[in-house]
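Below is one structure, written out as structure tokens; comments come after it.
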Amino acid sequence: MPILPRLLHNPRFLIGAHQPGQWPPDVGAEVAFAGRSNVGKSSALNTLVLRRDLARTSKTPGRTQQIVFYLLDEDRRLVDLPGYGYAKVPESLRRHWARVIERFLRTRSSLRGLVLLMDIRHPLTPLDRRLLDWCESTGLAVHILLTKMDKFSRSKAHQNLLQVRAELSTRGNAISAQLFSSANRHGSEEARDRIVRWLED
Ligand SMILES: Nc1nc2c(ncn2[C@@H]2O[C@H](COP(=O)(O)OP(=O)(O)OP(=O)(O)O)[C@@H](O)[C@H]2O)c(=O)[nH]1
Ligand SMILES: [Mg+2]
């Protein structure tokens, strides 16, 4: 059994916010999960805290149309952001959530870092790059999970990781990246370590 850091022992649902007025007070520290719709954000969150259904997951893309806040302790939180880029969500709604996510990333002073999930089969889409640009402009730390790596052989997955890292190294801010899978929990210790260090710093 993996050793779960104490901070991740007792996560609790706080609120699913449809608008910024519902966000909890911007104090303490939080880490957010972002990425394309259906990439596996909610699954990763569950995997990292060893809970099967804390965050709601779905085979239908575009499921999380809220910003969901989870309390880890009195002043530390994990945040599940709505997925972006799902073509079947109406354009106006997509634009709305893009603005809300951007506002969240730009204005939350308790935000210590962003976990950005990308499907290892198609990493660094145009919207992923745009998100990285925002983070670069605000100086927000980013850690990338190349997820669903169980869909690839280890060697193919590793090859893709090196390619992504090579591209990231040309950017201004330091961005780390690793392989991840919620299906077999590969990479969960490395990801937990990153998140806990952000929250405890
Ligand atoms: N094979 C595999 N499937 C995964 C993995 N992670 C998630 N999935 C599947 O991908 C689908 C979407 O997972 P979610 O966690 O709901 O994705 P999400 O990013 O939260 O989606 P939205 O909230 O709609 O943006 C589900 O069917 C999951 O079971 C993984 O690491 N490997
Ligand atoms: Mg989700």
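Residue numbers start at 1 in each chain; chains themselves are named A, B, ... in the order of the structure tokens; ligands are numbered from 1 in the order shown.
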- Task: Output the neighbourhood of ligand 2 as a ChimeraX atom specification, that is, all protein and nucleic acid residues with some atom at most 10 Å from the ligand, counting only C-alpha atoms and all ligand atoms.
- Result: /A:33-45,55-68,80-83
- Using DSSP on the backbone coordinates, identify all residues within chain A classified as strand (DSSP E or B); present the result as JSON, numbers by chain. {"A": [12, 13, 14, 15, 16, 17, 29, 30, 31, 32, 33, 34, 35, 36, 67, 68, 69, 70, 71, 72, 73, 76, 77, 78, 79, 80, 84, 111, 112, 113, 114, 115, 116, 117, 118, 119, 142, 143, 144, 145, 146, 147, 175, 176, 177, 178, 179]}
Let me see the file: selected residues, N, CA and C atoms, as a compact mmCIF listing (two decimals), in the first residue's frame.
```
# COMPACT_ATOMS: atom_id res chain seq x y z
N ARG A 12 -12.40 16.64 2.10
CA ARG A 12 -13.86 16.76 2.17
C ARG A 12 -14.36 17.72 1.11
N PHE A 13 -15.48 17.37 0.50
CA PHE A 13 -16.11 18.27 -0.47
C PHE A 13 -16.50 19.55 0.24
N LEU A 14 -16.15 20.70 -0.35
CA LEU A 14 -16.54 21.97 0.25
C LEU A 14 -17.69 22.61 -0.52
N ILE A 15 -17.45 22.90 -1.82
CA ILE A 15 -18.52 23.52 -2.61
C ILE A 15 -18.25 23.34 -4.11
N GLY A 16 -19.30 23.20 -4.89
CA GLY A 16 -19.21 23.26 -6.34
C GLY A 16 -19.68 24.65 -6.74
N ALA A 17 -18.74 25.50 -7.16
CA ALA A 17 -19.05 26.91 -7.39
C ALA A 17 -19.40 27.17 -8.86
N ALA A 29 -3.74 27.99 1.37
CA ALA A 29 -3.05 27.52 0.17
C ALA A 29 -3.91 26.53 -0.59
N GLU A 30 -3.85 26.62 -1.91
CA GLU A 30 -4.58 25.62 -2.70
C GLU A 30 -3.80 25.24 -3.96
N VAL A 31 -4.13 24.04 -4.47
CA VAL A 31 -3.56 23.53 -5.72
C VAL A 31 -4.74 23.14 -6.61
N ALA A 32 -4.69 23.58 -7.88
CA ALA A 32 -5.82 23.32 -8.79
C ALA A 32 -5.44 22.32 -9.86
N PHE A 33 -6.45 21.62 -10.36
CA PHE A 33 -6.30 20.64 -11.44
C PHE A 33 -7.00 21.17 -12.68
N ALA A 34 -6.27 21.26 -13.80
CA ALA A 34 -6.87 21.76 -15.03
C ALA A 34 -6.53 20.84 -16.18
N GLY A 35 -7.23 21.02 -17.28
CA GLY A 35 -6.95 20.23 -18.47
C GLY A 35 -8.18 20.10 -19.33
N ARG A 36 -7.99 19.56 -20.52
CA ARG A 36 -9.09 19.37 -21.45
C ARG A 36 -10.18 18.51 -20.83
N ILE A 67 -16.49 24.92 -10.52
CA ILE A 67 -15.19 24.81 -9.87
C ILE A 67 -15.45 24.14 -8.53
N VAL A 68 -14.89 22.95 -8.35
CA VAL A 68 -15.19 22.21 -7.13
C VAL A 68 -14.00 22.32 -6.17
N PHE A 69 -14.31 22.76 -4.96
CA PHE A 69 -13.28 22.93 -3.93
C PHE A 69 -13.38 21.81 -2.91
N TYR A 70 -12.22 21.20 -2.59
CA TYR A 70 -12.14 20.18 -1.55
C TYR A 70 -11.24 20.69 -0.45
N LEU A 71 -11.68 20.51 0.79
CA LEU A 71 -10.87 20.92 1.94
C LEU A 71 -9.95 19.79 2.35
N LEU A 72 -8.67 20.11 2.55
CA LEU A 72 -7.74 19.11 3.09
C LEU A 72 -7.59 19.32 4.59
N ASP A 73 -7.49 20.57 4.98
CA ASP A 73 -7.56 20.94 6.39
C ASP A 73 -8.12 22.36 6.43
N ARG A 76 -6.20 24.57 3.70
CA ARG A 76 -5.60 24.06 2.47
C ARG A 76 -6.63 23.30 1.65
N ARG A 77 -6.57 23.51 0.33
CA ARG A 77 -7.63 22.98 -0.55
C ARG A 77 -7.07 22.41 -1.85
N LEU A 78 -7.82 21.47 -2.42
CA LEU A 78 -7.60 21.04 -3.80
C LEU A 78 -8.79 21.55 -4.60
N VAL A 79 -8.55 21.92 -5.87
CA VAL A 79 -9.59 22.54 -6.67
C VAL A 79 -9.68 21.84 -8.03
N ASP A 80 -10.88 21.35 -8.35
CA ASP A 80 -11.12 20.65 -9.63
C ASP A 80 -11.76 21.66 -10.59
N TYR A 84 -11.75 22.10 -20.42
CA TYR A 84 -11.96 23.01 -21.54
C TYR A 84 -11.91 22.26 -22.87
N LEU A 111 -3.40 30.37 -4.55
CA LEU A 111 -3.06 29.30 -5.50
C LEU A 111 -1.54 29.12 -5.57
N ARG A 112 -1.06 27.95 -5.14
CA ARG A 112 0.38 27.69 -5.08
C ARG A 112 0.91 27.04 -6.35
N GLY A 113 0.03 26.33 -7.04
CA GLY A 113 0.48 25.66 -8.24
C GLY A 113 -0.67 25.03 -8.99
N LEU A 114 -0.41 24.75 -10.26
CA LEU A 114 -1.43 24.15 -11.11
C LEU A 114 -0.96 22.79 -11.59
N VAL A 115 -1.80 21.78 -11.38
CA VAL A 115 -1.54 20.47 -11.96
C VAL A 115 -2.28 20.44 -13.29
N LEU A 116 -1.53 20.38 -14.38
CA LEU A 116 -2.15 20.39 -15.71
C LEU A 116 -2.10 18.99 -16.29
N LEU A 117 -3.28 18.43 -16.54
CA LEU A 117 -3.33 17.08 -17.11
C LEU A 117 -3.44 17.13 -18.61
N MET A 118 -2.65 16.29 -19.26
CA MET A 118 -2.74 16.17 -20.72
C MET A 118 -2.75 14.67 -21.04
N ASP A 119 -3.61 14.30 -21.96
CA ASP A 119 -3.67 12.92 -22.41
C ASP A 119 -2.36 12.61 -23.15
N VAL A 142 3.67 25.25 -12.62
CA VAL A 142 2.85 24.22 -13.28
C VAL A 142 3.56 22.87 -13.20
N HIS A 143 2.78 21.85 -12.89
CA HIS A 143 3.29 20.47 -12.95
C HIS A 143 2.35 19.68 -13.86
N ILE A 144 2.93 19.09 -14.91
CA ILE A 144 2.11 18.40 -15.90
C ILE A 144 2.04 16.91 -15.62
N LEU A 145 0.82 16.36 -15.65
CA LEU A 145 0.65 14.91 -15.61
C LEU A 145 0.28 14.46 -17.02
N LEU A 146 1.15 13.65 -17.62
CA LEU A 146 0.81 13.04 -18.91
C LEU A 146 0.05 11.77 -18.56
N THR A 147 -1.27 11.89 -18.64
CA THR A 147 -2.08 10.84 -18.06
C THR A 147 -2.58 9.81 -19.07
N ILE A 175 8.64 24.34 -15.85
CA ILE A 175 7.46 23.50 -15.79
C ILE A 175 7.94 22.06 -15.70
N SER A 176 7.45 21.34 -14.70
CA SER A 176 7.84 19.93 -14.58
C SER A 176 6.78 19.05 -15.22
N ALA A 177 7.17 17.84 -15.59
CA ALA A 177 6.22 16.91 -16.23
C ALA A 177 6.55 15.49 -15.83
N GLN A 178 5.53 14.65 -15.74
CA GLN A 178 5.72 13.25 -15.37
C GLN A 178 4.65 12.40 -16.03
N LEU A 179 4.87 11.09 -16.00
CA LEU A 179 3.85 10.16 -16.49
C LEU A 179 2.87 9.86 -15.36
```
- Excluding stretch 160-174 of chain A and any residue of its chain fewer than 4 positions from it, enumerate the residues within 9 Å of it, using only C-alpha atoms, and give them as a PyMOL selection string. chain A and resi 120-121+123-124+135-136+139-142+146+155-156+178-179
Take the selection from the previous step and output its residues with C-alpha atoms, as a PDB file, in the first residue's frame.
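Contents of the output file result_33.pdb:
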```pdb
ATOM      1  CA  ILE A 120      -0.370  11.264 -23.326  1.00  0.00           C
ATOM      2  CA  ARG A 121      -1.851  10.382 -26.719  1.00  0.00           C
ATOM      3  CA  PRO A 123      -0.359  16.415 -25.411  1.00  0.00           C
ATOM      4  CA  LEU A 124       0.098  20.178 -25.798  1.00  0.00           C
ATOM      5  CA  CYS A 135       0.602  30.697 -16.227  1.00  0.00           C
ATOM      6  CA  GLU A 136       3.837  32.013 -17.643  1.00  0.00           C
ATOM      7  CA  GLY A 139       4.387  33.255 -12.808  1.00  0.00           C
ATOM      8  CA  LEU A 140       2.193  30.387 -11.624  1.00  0.00           C
ATOM      9  CA  ALA A 141       4.064  27.101 -11.099  1.00  0.00           C
ATOM     10  CA  VAL A 142       2.852  24.219 -13.277  1.00  0.00           C
ATOM     11  CA  LEU A 146       0.814  13.041 -18.907  1.00  0.00           C
ATOM     12  CA  SER A 155       8.888   2.864 -23.669  1.00  0.00           C
ATOM     13  CA  LYS A 156       6.464   4.738 -25.906  1.00  0.00           C
ATOM     14  CA  GLN A 178       5.722  13.246 -15.374  1.00  0.00           C
ATOM     15  CA  LEU A 179       3.851  10.161 -16.488  1.00  0.00           C
TER      16      LEU A 179
END
```
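The smallest atom-to-atom distance between ligand 1 and any of A:Trp97, A:Tyr86, A:Phe104, A:Trp134, using only C-alpha atoms and all ligand atoms, is found for A:Tyr86.
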- Message: Given only C-alpha atoms and all ligand atoms as the basis, pick out the residue of A:Pro126, A:Pro90, A:Gly85, A:Gly28 nearest to ligand 1.
- Response: A:Gly85
